[in-house]
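Student: My structure is in query-v2.cif, and what it holds is mmCIF, C-alpha atoms and all ligand atoms:
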```cif
data_protein
#
loop_
_atom_site.label_atom_id
_atom_site.label_comp_id
_atom_site.auth_asym_id
_atom_site.auth_seq_id
_atom_site.Cartn_x
_atom_site.Cartn_y
_atom_site.Cartn_z
CA MET A 1 0.41 -16.53 15.45
CA SER A 2 3.41 -18.67 14.77
CA HIS A 3 5.35 -18.73 11.55
CA PRO A 4 4.60 -22.34 10.46
CA ASN A 5 0.94 -21.33 10.00
CA TRP A 6 1.74 -18.78 7.31
CA LYS A 7 0.99 -19.85 3.77
CA ARG A 8 2.34 -16.67 2.20
CA VAL A 9 4.37 -13.71 3.49
CA VAL A 10 5.48 -10.39 2.06
CA ILE A 11 8.81 -9.12 3.34
CA LYS A 12 9.73 -5.46 2.82
CA VAL A 13 13.38 -4.44 2.98
CA GLY A 14 14.36 -0.77 3.43
CA SER A 15 17.14 1.08 1.60
CA ALA A 16 19.50 1.22 4.61
CA LEU A 17 19.76 -2.57 4.56
CA ILE A 18 20.55 -2.78 0.85
CA SER A 19 22.82 0.18 0.38
CA PRO A 20 24.08 1.12 3.84
CA ASN A 21 26.79 3.47 2.51
CA GLN A 22 25.09 4.57 -0.71
CA GLN A 23 28.04 3.08 -2.58
CA GLY A 24 26.10 0.53 -4.61
CA CYS A 25 24.60 -2.55 -2.93
CA SER A 26 26.08 -4.58 -0.12
CA SER A 27 25.09 -8.14 0.71
CA HIS A 28 26.21 -7.59 4.33
CA TYR A 29 22.69 -7.32 5.82
CA LEU A 30 20.95 -9.17 3.03
CA LEU A 31 22.49 -12.55 3.84
CA SER A 32 20.33 -13.16 6.92
CA ILE A 33 17.23 -11.89 5.09
CA ALA A 34 17.97 -14.21 2.16
CA GLN A 35 18.50 -17.07 4.63
CA PHE A 36 15.10 -16.29 6.16
CA ILE A 37 13.47 -16.37 2.72
CA VAL A 38 15.14 -19.71 1.95
CA ARG A 39 13.96 -21.19 5.26
CA CYS A 40 10.40 -19.90 4.78
CA ARG A 41 10.27 -21.55 1.37
CA ALA A 42 11.69 -24.78 2.80
CA ASN A 43 8.86 -24.69 5.39
CA GLY A 44 6.33 -24.39 2.58
CA THR A 45 5.69 -20.65 3.01
CA GLN A 46 5.53 -18.66 -0.22
CA VAL A 47 7.47 -15.38 -0.15
CA VAL A 48 7.13 -12.09 -2.02
CA LEU A 49 9.99 -9.62 -1.53
CA VAL A 50 9.40 -5.86 -1.73
CA SER A 51 12.82 -4.27 -1.99
CA SER A 52 13.76 -0.60 -1.76
CA GLY A 53 17.26 0.60 -2.48
CA SER A 54 17.44 1.46 -6.17
CA VAL A 55 17.92 5.20 -5.57
CA ALA A 56 20.41 4.63 -2.75
CA ALA A 57 22.32 2.03 -4.79
CA GLY A 58 22.55 4.22 -7.90
CA ALA A 59 23.44 7.41 -6.03
CA HIS A 60 27.23 7.03 -6.23
CA LEU A 61 27.12 7.14 -10.03
CA PHE A 62 25.95 10.79 -10.12
CA PRO A 63 27.55 14.09 -9.09
CA GLU A 64 26.73 15.11 -5.50
CA GLN A 65 25.32 18.52 -6.46
CA GLU A 66 22.79 16.97 -8.89
CA LYS A 67 21.33 14.35 -6.55
CA SER A 68 18.33 16.39 -5.40
CA ASP A 69 17.16 16.90 -9.00
CA ILE A 70 14.04 14.77 -9.70
CA ALA A 71 15.23 13.66 -13.15
CA VAL A 72 18.59 12.64 -11.70
CA LYS A 73 16.84 10.71 -8.88
CA LYS A 74 14.92 8.75 -11.52
CA ALA A 75 18.18 8.02 -13.31
CA MET A 76 19.69 6.91 -9.99
CA ALA A 77 16.74 4.53 -9.56
CA ALA A 78 17.17 3.14 -13.09
CA ALA A 79 20.89 2.54 -12.59
CA GLY A 80 20.56 1.22 -9.03
CA GLN A 81 17.65 -1.11 -9.82
CA THR A 82 19.74 -3.49 -11.96
CA GLU A 83 22.42 -3.71 -9.28
CA MET A 84 19.82 -4.25 -6.56
CA ILE A 85 18.14 -7.10 -8.46
CA ALA A 86 21.51 -8.65 -9.36
CA THR A 87 22.57 -8.52 -5.69
CA TRP A 88 19.43 -10.33 -4.51
CA ASP A 89 19.57 -12.82 -7.38
CA ARG A 90 23.14 -13.84 -6.46
CA LEU A 91 21.96 -14.81 -2.98
CA PHE A 92 19.45 -17.44 -4.17
CA ASP A 93 19.79 -20.72 -5.99
CA PHE A 94 16.21 -20.42 -7.28
CA PRO A 95 14.94 -17.93 -9.88
CA SER A 96 13.69 -14.47 -9.00
CA ALA A 97 11.55 -12.06 -11.03
CA GLN A 98 11.45 -8.28 -11.12
CA MET A 99 8.07 -6.52 -10.80
CA LEU A 100 8.13 -2.72 -11.11
CA LEU A 101 4.80 -1.13 -10.20
CA THR A 102 3.29 2.32 -9.79
CA HIS A 103 0.17 3.47 -8.01
CA ALA A 104 -1.37 4.08 -11.43
CA ASP A 105 -1.08 0.30 -12.02
CA LEU A 106 -2.44 -0.71 -8.63
CA ARG A 107 -5.43 1.65 -8.59
CA ASP A 108 -6.63 0.46 -12.00
CA ARG A 109 -8.79 -2.59 -11.27
CA GLU A 110 -7.91 -4.38 -14.54
CA ARG A 111 -4.17 -3.89 -14.05
CA TYR A 112 -4.50 -4.79 -10.35
CA VAL A 113 -6.13 -8.11 -11.23
CA SER A 114 -3.37 -8.68 -13.79
CA ILE A 115 -0.68 -7.96 -11.14
CA ARG A 116 -2.35 -10.50 -8.82
CA GLU A 117 -2.35 -13.12 -11.55
CA THR A 118 1.35 -12.52 -12.25
CA ILE A 119 2.26 -12.82 -8.55
CA PHE A 120 0.31 -16.07 -8.19
CA SER A 121 1.79 -17.49 -11.36
CA LEU A 122 5.36 -16.70 -10.21
CA LEU A 123 4.70 -18.23 -6.78
CA ASP A 124 3.09 -21.35 -8.28
CA ASN A 125 6.32 -21.85 -10.23
CA ASN A 126 8.58 -21.32 -7.19
CA ILE A 127 9.94 -18.02 -8.52
CA LEU A 128 10.58 -15.25 -6.01
CA PRO A 129 8.81 -12.00 -7.03
CA ILE A 130 10.95 -8.95 -6.17
CA VAL A 131 8.78 -5.82 -6.24
CA ASN A 132 9.77 -2.15 -6.24
CA GLU A 133 8.10 1.06 -7.31
CA ASN A 134 8.83 1.92 -10.94
CA ASP A 135 10.51 5.19 -9.92
CA THR A 136 11.73 6.01 -13.42
CA VAL A 137 8.21 6.59 -14.78
CA THR A 138 6.39 8.01 -11.78
CA THR A 139 5.22 11.53 -11.11
CA ASP A 140 3.55 12.79 -7.94
CA LYS A 141 0.17 11.82 -9.39
CA LEU A 142 1.20 8.30 -10.37
CA LYS A 143 3.31 7.09 -7.47
CA VAL A 144 2.68 5.31 -4.20
CA GLY A 145 5.72 7.25 -2.98
CA ASP A 146 7.07 4.83 -0.39
CA ASN A 147 7.64 1.11 -0.28
CA ASP A 148 5.93 0.64 3.10
CA ASN A 149 2.52 1.44 1.61
CA LEU A 150 3.48 -0.39 -1.58
CA SER A 151 4.30 -3.52 0.43
CA ALA A 152 0.88 -3.41 2.13
CA MET A 153 -0.85 -3.08 -1.24
CA VAL A 154 1.21 -6.01 -2.55
CA ALA A 155 0.45 -8.06 0.60
CA SER A 156 -3.27 -7.51 0.04
CA ALA A 157 -3.00 -8.29 -3.67
CA ALA A 158 -1.04 -11.46 -2.88
CA GLU A 159 -3.48 -12.42 -0.11
CA ALA A 160 -0.57 -12.80 2.27
CA ASP A 161 -0.95 -13.98 5.87
CA ALA A 162 1.86 -11.76 7.10
CA LEU A 163 3.68 -8.56 6.20
CA ILE A 164 7.17 -8.17 7.65
CA ILE A 165 8.66 -4.69 7.37
CA CYS A 166 12.42 -4.82 7.91
CA SER A 167 13.74 -1.47 9.06
CA ASP A 168 16.86 0.01 10.63
CA ILE A 169 15.24 0.07 14.07
CA ASP A 170 13.71 -2.50 16.47
CA GLY A 171 10.10 -1.50 15.81
CA LEU A 172 7.68 1.30 16.68
CA TYR A 173 8.62 3.31 19.78
CA ASP A 174 6.25 5.65 21.62
CA LYS A 175 8.43 8.51 20.27
CA ASN A 176 11.40 8.75 17.92
CA PRO A 177 14.27 7.03 19.79
CA HIS A 178 16.82 9.03 17.77
CA GLU A 179 15.48 12.16 19.47
CA HIS A 180 14.29 10.85 22.87
CA ASP A 181 16.46 8.68 25.15
CA ASP A 182 13.46 7.48 27.16
CA ALA A 183 11.50 6.17 24.11
CA GLN A 184 9.83 2.79 24.78
CA LEU A 185 9.36 0.01 22.20
CA LEU A 186 5.75 -1.07 21.65
CA LYS A 187 5.63 -4.86 21.43
CA SER A 188 2.09 -5.03 20.13
CA VAL A 189 -0.54 -2.71 18.73
CA ASN A 190 -4.16 -3.89 18.78
CA THR A 191 -5.81 -0.79 17.34
CA ILE A 192 -4.26 1.79 15.02
CA ASP A 193 -5.71 5.17 15.94
CA GLN A 194 -4.46 8.78 16.00
CA SER A 195 -2.49 8.14 19.20
CA ILE A 196 -0.36 5.59 17.30
CA TYR A 197 0.19 8.01 14.40
CA ASP A 198 1.18 10.71 16.90
CA MET A 199 4.13 8.54 18.01
CA ALA A 200 5.61 8.41 14.52
CA GLY A 201 8.22 10.77 13.19
CA GLY A 202 9.69 10.90 9.70
CA ALA A 203 12.81 9.25 8.31
CA VAL A 204 16.26 10.39 9.46
CA LYS A 205 17.17 13.67 7.69
CA GLY A 206 19.91 13.04 5.14
CA GLY A 207 19.43 9.26 5.52
CA VAL A 208 18.45 6.82 2.78
CA GLY A 209 14.95 5.95 4.11
CA THR A 210 11.85 7.57 2.67
CA GLY A 211 8.81 7.49 4.92
CA GLY A 212 9.98 6.98 8.51
CA MET A 213 7.49 5.37 10.89
CA ARG A 214 4.40 7.18 9.61
CA THR A 215 4.32 5.25 6.32
CA LYS A 216 4.97 1.99 8.21
CA ILE A 217 1.89 2.63 10.37
CA GLU A 218 -0.14 3.49 7.24
CA ALA A 219 1.06 0.19 5.76
CA ALA A 220 0.13 -1.70 8.93
CA GLU A 221 -3.34 -0.11 8.90
CA LYS A 222 -3.90 -1.23 5.32
CA ALA A 223 -2.60 -4.74 6.00
CA VAL A 224 -4.39 -5.50 9.30
CA SER A 225 -7.75 -4.46 7.82
CA HIS A 226 -7.17 -7.24 5.28
CA GLY A 227 -6.49 -9.69 8.11
CA ILE A 228 -2.70 -9.65 7.63
CA ASP A 229 -0.39 -10.04 10.64
CA THR A 230 2.06 -7.13 10.41
CA TYR A 231 5.50 -6.76 11.99
CA ILE A 232 8.07 -3.98 12.02
CA ILE A 233 11.42 -5.55 12.83
CA ASN A 234 15.09 -4.69 12.89
CA GLY A 235 16.50 -6.07 9.64
CA PHE A 236 20.11 -5.50 10.72
CA THR A 237 20.11 -8.44 13.10
CA GLU A 238 19.81 -12.15 12.33
CA LEU A 239 18.09 -12.67 15.68
CA SER A 240 14.93 -10.97 14.32
CA PHE A 241 14.59 -13.64 11.64
CA ASN A 242 15.39 -16.55 13.96
CA MET A 243 12.71 -15.29 16.34
CA LEU A 244 10.15 -15.03 13.54
CA LEU A 245 10.96 -18.58 12.45
CA ALA A 246 10.47 -19.73 16.04
CA GLY A 247 7.02 -18.08 16.08
CA GLU A 248 8.18 -15.23 18.33
CA ASN A 249 7.74 -11.49 17.90
CA PRO A 250 11.10 -9.70 17.44
CA GLY A 251 9.72 -6.17 17.04
CA THR A 252 6.29 -4.54 16.95
CA HIS A 253 3.33 -6.72 16.05
CA PHE A 254 0.15 -5.15 14.65
CA LYS A 255 -2.83 -7.41 15.31
CA PRO A 256 -4.96 -8.25 12.25
CA HIS A 257 -8.70 -7.51 12.27
CA ALA A 258 -10.81 -10.49 13.24
CA LYS A 259 -13.28 -9.62 10.45
CA PRO A 260 -11.12 -8.60 7.46
CA MET A 261 -12.60 -6.54 4.64
CA GLN A 262 -13.59 -8.35 1.48
CA GLU A 263 -10.86 -8.18 -1.21
CA ASN A 264 -12.71 -5.79 -3.56
CA VAL A 265 -13.85 -3.50 -0.73
CA HIS A 266 -10.30 -3.41 0.65
CA TRP A 267 -8.91 -2.50 -2.77
CA MET A 268 -11.44 0.30 -3.12
CA ARG A 269 -10.74 1.61 0.38
CA HIS A 270 -6.95 1.30 0.54
CA THR A 271 -5.48 1.04 -2.97
CA SER A 272 -7.77 2.85 -5.38
CA ASN A 273 -7.86 6.65 -5.22
CA ALA A 274 -10.66 9.01 -6.15
CA GLN A 275 -10.45 10.86 -9.47
CA GLY A 276 -13.33 13.17 -8.55
CA GLU A 277 -15.91 13.97 -5.92
CA VAL A 278 -19.68 13.97 -5.75
CA ILE A 279 -21.13 16.23 -3.07
CA VAL A 280 -24.49 15.03 -1.75
CA GLU A 281 -27.20 16.42 0.50
CA GLY A 282 -26.81 16.06 4.26
CA ASP A 283 -29.54 13.45 4.65
CA PHE A 284 -28.00 10.97 2.19
CA ASP A 285 -27.69 7.74 4.19
CA ALA A 286 -24.29 6.19 3.49
CA SER A 287 -25.09 3.11 5.58
CA LEU A 288 -27.40 2.12 2.74
CA ALA A 289 -24.73 2.74 0.12
CA GLY A 290 -24.30 -1.00 -0.50
CA ASP A 291 -27.70 -0.52 -2.09
CA ALA A 292 -26.06 1.59 -4.79
CA GLU A 293 -29.32 2.37 -6.56
CA GLN A 294 -30.27 4.70 -3.73
CA LEU A 295 -27.85 7.46 -4.84
CA THR A 296 -29.84 9.44 -7.38
CA SER A 297 -29.07 12.70 -9.16
CA SER A 298 -31.64 14.52 -7.00
CA GLU A 299 -29.31 14.09 -4.00
CA ILE A 300 -26.30 15.53 -5.83
CA ILE A 301 -25.36 19.12 -5.03
CA ASP A 302 -22.10 19.30 -6.98
CA VAL A 303 -19.67 17.24 -9.08
CA LYS A 304 -15.97 18.07 -8.75
CA GLY A 305 -13.07 17.00 -10.95
CA GLU A 306 -13.04 15.15 -14.25
CA PHE A 307 -13.62 11.42 -14.26
CA SER A 308 -14.62 8.75 -16.74
CA VAL A 309 -16.95 5.77 -16.49
CA GLY A 310 -15.23 3.17 -14.28
CA ASP A 311 -13.13 5.68 -12.31
CA THR A 312 -13.28 5.76 -8.53
CA ILE A 313 -15.11 8.71 -6.97
CA LEU A 314 -15.51 9.98 -3.44
CA VAL A 315 -19.05 10.69 -2.28
CA ARG A 316 -19.03 13.26 0.51
CA LYS A 317 -21.20 15.79 2.30
CA GLU A 318 -20.80 19.57 1.95
CA ASP A 319 -19.13 19.74 5.39
CA GLY A 320 -16.37 17.42 4.14
CA THR A 321 -17.60 14.19 5.79
CA LYS A 322 -16.48 11.31 3.60
CA LEU A 323 -19.29 8.83 2.96
CA VAL A 324 -18.27 6.25 0.37
CA LYS A 325 -15.64 5.55 -2.26
CA ALA A 326 -17.11 3.80 -5.27
CA LYS A 327 -16.72 3.04 -8.93
CA SER A 328 -18.73 5.55 -10.98
CA ASN A 329 -20.93 4.25 -13.76
CA TYR A 330 -21.21 7.82 -15.12
CA SER A 331 -18.56 10.23 -16.40
CA SER A 332 -18.26 13.60 -14.61
CA CYS A 333 -19.68 15.25 -17.71
CA LEU A 334 -22.80 13.07 -17.79
CA LEU A 335 -23.27 13.31 -14.03
CA ASN A 336 -23.09 17.11 -14.18
CA PHE A 337 -25.66 17.11 -16.96
CA ILE A 338 -28.08 14.87 -15.10
CA ALA A 339 -27.56 16.52 -11.70
CA ASN A 340 -28.31 19.95 -13.16
CA GLN A 341 -31.56 18.84 -14.84
CA GLU A 342 -34.50 20.95 -13.75
CA ASN A 343 -36.90 18.38 -15.18
CA GLU A 344 -36.81 15.70 -12.44
CA GLU A 345 -38.97 13.29 -14.40
CA PHE A 346 -36.49 13.36 -17.31
CA ALA A 347 -33.57 12.78 -14.90
CA HIS A 348 -35.39 9.88 -13.27
CA GLU A 349 -36.16 8.23 -16.61
CA PHE A 350 -32.57 8.79 -17.79
CA GLU A 351 -31.17 7.05 -14.68
CA GLU A 352 -33.65 4.18 -15.04
CA LYS A 353 -32.33 3.59 -18.55
CA THR A 354 -28.62 4.18 -17.84
CA GLY A 355 -28.46 2.32 -14.52
CA PRO A 356 -27.21 3.18 -11.01
CA ILE A 357 -24.76 6.10 -10.63
CA ILE A 358 -22.33 4.13 -8.46
CA SER A 359 -21.50 0.46 -8.69
CA ASP A 360 -22.71 -1.83 -5.92
CA GLN A 361 -19.85 -4.21 -6.79
CA HIS A 362 -17.06 -1.78 -5.97
CA ILE A 363 -17.97 0.37 -3.01
CA ALA A 364 -16.35 1.05 0.36
CA ASN A 365 -18.16 2.76 3.21
CA LEU A 366 -15.98 5.48 4.79
CA GLU A 367 -18.50 6.75 7.29
CA LYS A 368 -16.16 6.25 10.24
CA GLU A 369 -13.50 8.65 8.85
N1 LIG B 1 8.25 6.44 16.93
C1 LIG B 1 9.27 5.99 16.21
N2 LIG B 1 9.75 4.72 16.42
C2 LIG B 1 10.78 4.24 15.67
N3 LIG B 1 11.40 4.94 14.69
C3 LIG B 1 10.98 6.19 14.42
C4 LIG B 1 9.89 6.78 15.16
N4 LIG B 1 9.67 8.00 14.66
C5 LIG B 1 10.55 8.20 13.67
N5 LIG B 1 11.34 7.12 13.50
C6 LIG B 1 12.40 7.03 12.49
O1 LIG B 1 12.01 6.14 11.43
C7 LIG B 1 13.19 5.50 10.94
C8 LIG B 1 12.84 4.28 10.07
O2 LIG B 1 12.22 4.70 8.87
P1 LIG B 1 13.04 4.89 7.49
O3 LIG B 1 14.24 5.76 7.74
O4 LIG B 1 12.08 5.32 6.44
O5 LIG B 1 13.60 3.46 7.25
P2 LIG B 1 13.40 2.32 6.14
O6 LIG B 1 14.46 2.54 5.13
O7 LIG B 1 13.58 1.07 6.93
O8 LIG B 1 12.00 2.44 5.56
C9 LIG B 1 13.95 5.22 12.22
O9 LIG B 1 15.31 4.98 11.99
C10 LIG B 1 13.70 6.47 13.05
O10 LIG B 1 14.68 7.44 12.80
N1 LIG B 2 11.52 2.94 -4.61
C1 LIG B 2 12.58 3.53 -3.80
C2 LIG B 2 12.38 3.23 -2.34
C3 LIG B 2 11.49 4.17 -1.61
C4 LIG B 2 11.37 3.80 -0.13
O1 LIG B 2 10.24 3.68 0.38
O2 LIG B 2 12.53 3.60 0.56
P1 LIG B 2 12.60 3.03 2.07
O3 LIG B 2 11.99 4.03 3.02
O4 LIG B 2 14.05 2.82 2.33
O5 LIG B 2 11.84 1.73 2.10
C5 LIG B 2 13.94 2.93 -4.17
O6 LIG B 2 14.00 1.80 -4.64
O7 LIG B 2 14.93 3.61 -3.94
#
```
Could you render the structure from this file as structure tokens?
Tutor:
Amino acid sequence: MSHPNWKRVVIKVGSALISPNQQGCSSHYLLSIAQFIVRCRANGTQVVLVSSGSVAAGAHLFPEQEKSDIAVKKAMAAAGQTEMIATWDRLFDFPSAQMLLTHADLRDRERYVSIRETIFSLLDNNILPIVNENDTVTTDKLKVGDNDNLSAMVASAAEADALIICSDIDGLYDKNPHEHDDAQLLKSVNTIDQSIYDMAGGAVKGGVGTGGMRTKIEAAEKAVSHGIDTYIINGFTELSFNMLLAGENPGTHFKPHAKPMQENVHWMRHTSNAQGEVIVEGDFDASLAGDAEQLTSSEIIDVKGEFSVGDTILVRKEDGTKLVKAKSNYSSCLLNFIANQENEEFAHEFEEKTGPIISDQHIANLEKE
């Protein structure tokens, strides 16, 4: 797959490239990335930038002993974000726009659709969207937590052809090269399975990166299932970008699926997360789950968690096997009521009137997990 064929790319830039010394931002490594973005745009390829670095850039403004405090980290992100955006903006002679997102935004279908519209509108007007997680408002429950996964969610939302993850290393090695001298670089990965995850270690301890290789593989898995060519490349060297522009692979290439998931199924599977669980009997046939009407209250053994109409739920068996993720048309309260009805005829009539328990519009089959 050569670069000139890409209509739209998402490029993710890690903290080490933006704030190599944690003393504010440096344009040192950003110049060749900016040049790449300019050349993509000149070739007619739309670009979305996902940029880390706010925490690293803001770190020098706070006392050393307070930096591990969560509230201080959020303040570091708030202070570093303006400098990070200003640094990027100075490198371009076209306008850029800041988009700060959380997982709570992306997993809500209405907000997700709104985010997509904003990205497309910015791109249609030749404005470069610069995306980061909105670290100042997130909690564990609300955040994506790393910009690798965020970039894959953004690439899917933007319907990108390629996701380029710029790291501080040449790509994915068969083991962490910082710990093993004989580690070998993988040039291409056709299938992401457990053996690929087993190769990945975390980020360097005490470094500025967040997820290490594991989150990059998670991102690649999300992106390739949406048909997106994914690369992990070394963002420190200009050669990586020249190679990409020449249609060559400078790092590790993850091959996209030949039959990508539909947009709404992909969102349900990889972006939305379940607010509750419905435990069903062992003989419930998930392969028929596209026919949503076939899940009835008589199959339900238990309802876990609190969810509202429209929330995503996980349907699973008692032994833990995950069957489907779907939008619930019932609240947990109502589902509990109907599932615990002894009078089956009443339950049947109630469901006939109220409609199917799970939506056949928003459903992802997880049977292979
Ligand atoms: N199998 C592996 N191949 C390459 N890098 C690995 C591997 N396992 C762990 N790593 C670590 O992941 C780091 C890159 O991730 P991270 O520090 O989060 O960077 P970034 O800021 O680019 O997201 C590498 O520098 C390396 O220390
Ligand atoms: N949102 C955070 C970045 C988190 C993150 O994933 O960092 P990195 O591993 O360097 O891409 C920030 O701006 O500091």
Student: Dump the neighbourhood of ligand LIG 1 (chain B) as a VMD selection string: all residues within 8 Å, distances computed on only C-alpha atoms and all ligand atoms.
Tutor: chain A and resid 13 to 17 52 147 to 148 165 to 178 183 185 199 to 204 207 to 216
Student: Give me, as a list in words, all polymer residues having an atom no more than 7 Å from Lys12 in chain A, counting all atoms listed in the file and skipping those fewer than 3 positions away in the same chain.
Tutor: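 Close residues of Lys12 in chain A: Leu49, Val50, Ser51, Ser151, Ile164, Ile165 and Cys166 of chain A.
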Student: Have a look at A:Gln361, A:Gln184, A:Gln65, A:Thr102 and name the one nearest to Leu142 in chain A; count all atoms listed in the file.
Tutor: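 For Leu142 in chain A, the nearest of the given residues is A:Thr102.
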Student: Which residues are close to Glu218 in chain A, i.e. within 10 Å by only C-alpha atoms, leaving aside same-chain residues fewer than 6 positions away? Reply as a list in words.
Tutor: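 My reading of the contact set: Asp148, Asn149, Ala152, Ile192, Tyr197 and His270 of chain A.
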Student: Counting only C-alpha atoms, which of A:Ala220, A:Ile37, A:Ile127, A:Ile18 gets nearest to Gln81 in chain A?
Tutor: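 Ranked by minimum distance to Gln81 in chain A, first place goes to A:Ile18.
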Student: Could you tell me how far CA of Asp198 in chain A sits from atom C2 of ligand LIG 2 (chain B), in Å to one decimal place?
Tutor: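 Between atom C2 of ligand LIG 2 (chain B) and CA of Asp198 in chain A the gap is 23.5 Å.
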Student: Can you measure CA of Asp135 in chain A to CA of Ile119 in chain A for me? One decimal in Å is fine.
Tutor: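 Computing it gives 19.9 Å between the two atoms.
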Student: Out of A:Val9, A:Ala79, A:Ala274, A:Leu106, which residue has the shortest atom-to-atom distance to ligand LIG 2 (chain B) when counting all atoms listed in the file?
Tutor: A:Ala79
Student: Identify which of the residues A:Thr252, A:Val303, A:His180, A:Glu318 lies closest to Gly282 in chain A, counting all atoms listed in the file when measuring atom-to-atom distances.
Tutor: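 Counting all atoms listed in the file, the residue closest to Gly282 in chain A is A:Glu318.
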Student: Between A:Ala160, A:Leu123, A:Leu150, A:Cys25, which residue has the minimum interatomic distance to ligand LIG 2 (chain B), considering only C-alpha atoms and all ligand atoms?
Tutor: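 Distance minimum relative to ligand LIG 2 (chain B) lands on A:Leu150.
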Student: Excluding range 30-36 of chain A and its own-chain neighbours fewer than 2 positions away, which residues fall within 10 Å of it when counting all atoms listed in the file? Please give them as a PDB file with C-alpha atoms, in the frame of the given file.
Tutor:
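Once everything was written out, this is selection_10.pdb:
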```
ATOM      1  CA  ILE A  11       8.810  -9.120   3.340  1.00  0.00           C
ATOM      2  CA  VAL A  13      13.380  -4.440   2.980  1.00  0.00           C
ATOM      3  CA  LEU A  17      19.760  -2.570   4.560  1.00  0.00           C
ATOM      4  CA  ILE A  18      20.550  -2.780   0.850  1.00  0.00           C
ATOM      5  CA  SER A  19      22.820   0.180   0.380  1.00  0.00           C
ATOM      6  CA  CYS A  25      24.600  -2.550  -2.930  1.00  0.00           C
ATOM      7  CA  SER A  26      26.080  -4.580  -0.120  1.00  0.00           C
ATOM      8  CA  SER A  27      25.090  -8.140   0.710  1.00  0.00           C
ATOM      9  CA  HIS A  28      26.210  -7.590   4.330  1.00  0.00           C
ATOM     10  CA  VAL A  38      15.140 -19.710   1.950  1.00  0.00           C
ATOM     11  CA  ARG A  39      13.960 -21.190   5.260  1.00  0.00           C
ATOM     12  CA  CYS A  40      10.400 -19.900   4.780  1.00  0.00           C
ATOM     13  CA  ARG A  41      10.270 -21.550   1.370  1.00  0.00           C
ATOM     14  CA  ALA A  42      11.690 -24.780   2.800  1.00  0.00           C
ATOM     15  CA  VAL A  47       7.470 -15.380  -0.150  1.00  0.00           C
ATOM     16  CA  LEU A  49       9.990  -9.620  -1.530  1.00  0.00           C
ATOM     17  CA  THR A  87      22.570  -8.520  -5.690  1.00  0.00           C
ATOM     18  CA  TRP A  88      19.430 -10.330  -4.510  1.00  0.00           C
ATOM     19  CA  ASP A  89      19.570 -12.820  -7.380  1.00  0.00           C
ATOM     20  CA  LEU A  91      21.960 -14.810  -2.980  1.00  0.00           C
ATOM     21  CA  PHE A  92      19.450 -17.440  -4.170  1.00  0.00           C
ATOM     22  CA  CYS A 166      12.420  -4.820   7.910  1.00  0.00           C
ATOM     23  CA  GLY A 235      16.500  -6.070   9.640  1.00  0.00           C
ATOM     24  CA  PHE A 236      20.110  -5.500  10.720  1.00  0.00           C
ATOM     25  CA  THR A 237      20.110  -8.440  13.100  1.00  0.00           C
ATOM     26  CA  GLU A 238      19.810 -12.150  12.330  1.00  0.00           C
ATOM     27  CA  LEU A 239      18.090 -12.670  15.680  1.00  0.00           C
ATOM     28  CA  SER A 240      14.930 -10.970  14.320  1.00  0.00           C
ATOM     29  CA  PHE A 241      14.590 -13.640  11.640  1.00  0.00           C
ATOM     30  CA  ASN A 242      15.390 -16.550  13.960  1.00  0.00           C
ATOM     31  CA  LEU A 244      10.150 -15.030  13.540  1.00  0.00           C
ATOM     32  CA  LEU A 245      10.960 -18.580  12.450  1.00  0.00           C
TER      33      LEU A 245
END
```
Student: Near Thr138 in chain A, counting all atoms listed in the file, which residues have an atom at most 10 Å away, once you skip same-chain residues fewer than 6 positions from it, shown as a VMD selection string?
Tutor: chain A and resid 74 101 to 104 144 to 145
Student: Which distance in Å separates CA of Gln22 in chain A and atom O2 of ligand LIG 2 (chain B), to one decimal?
Tutor: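 It comes out at 12.7 Å.
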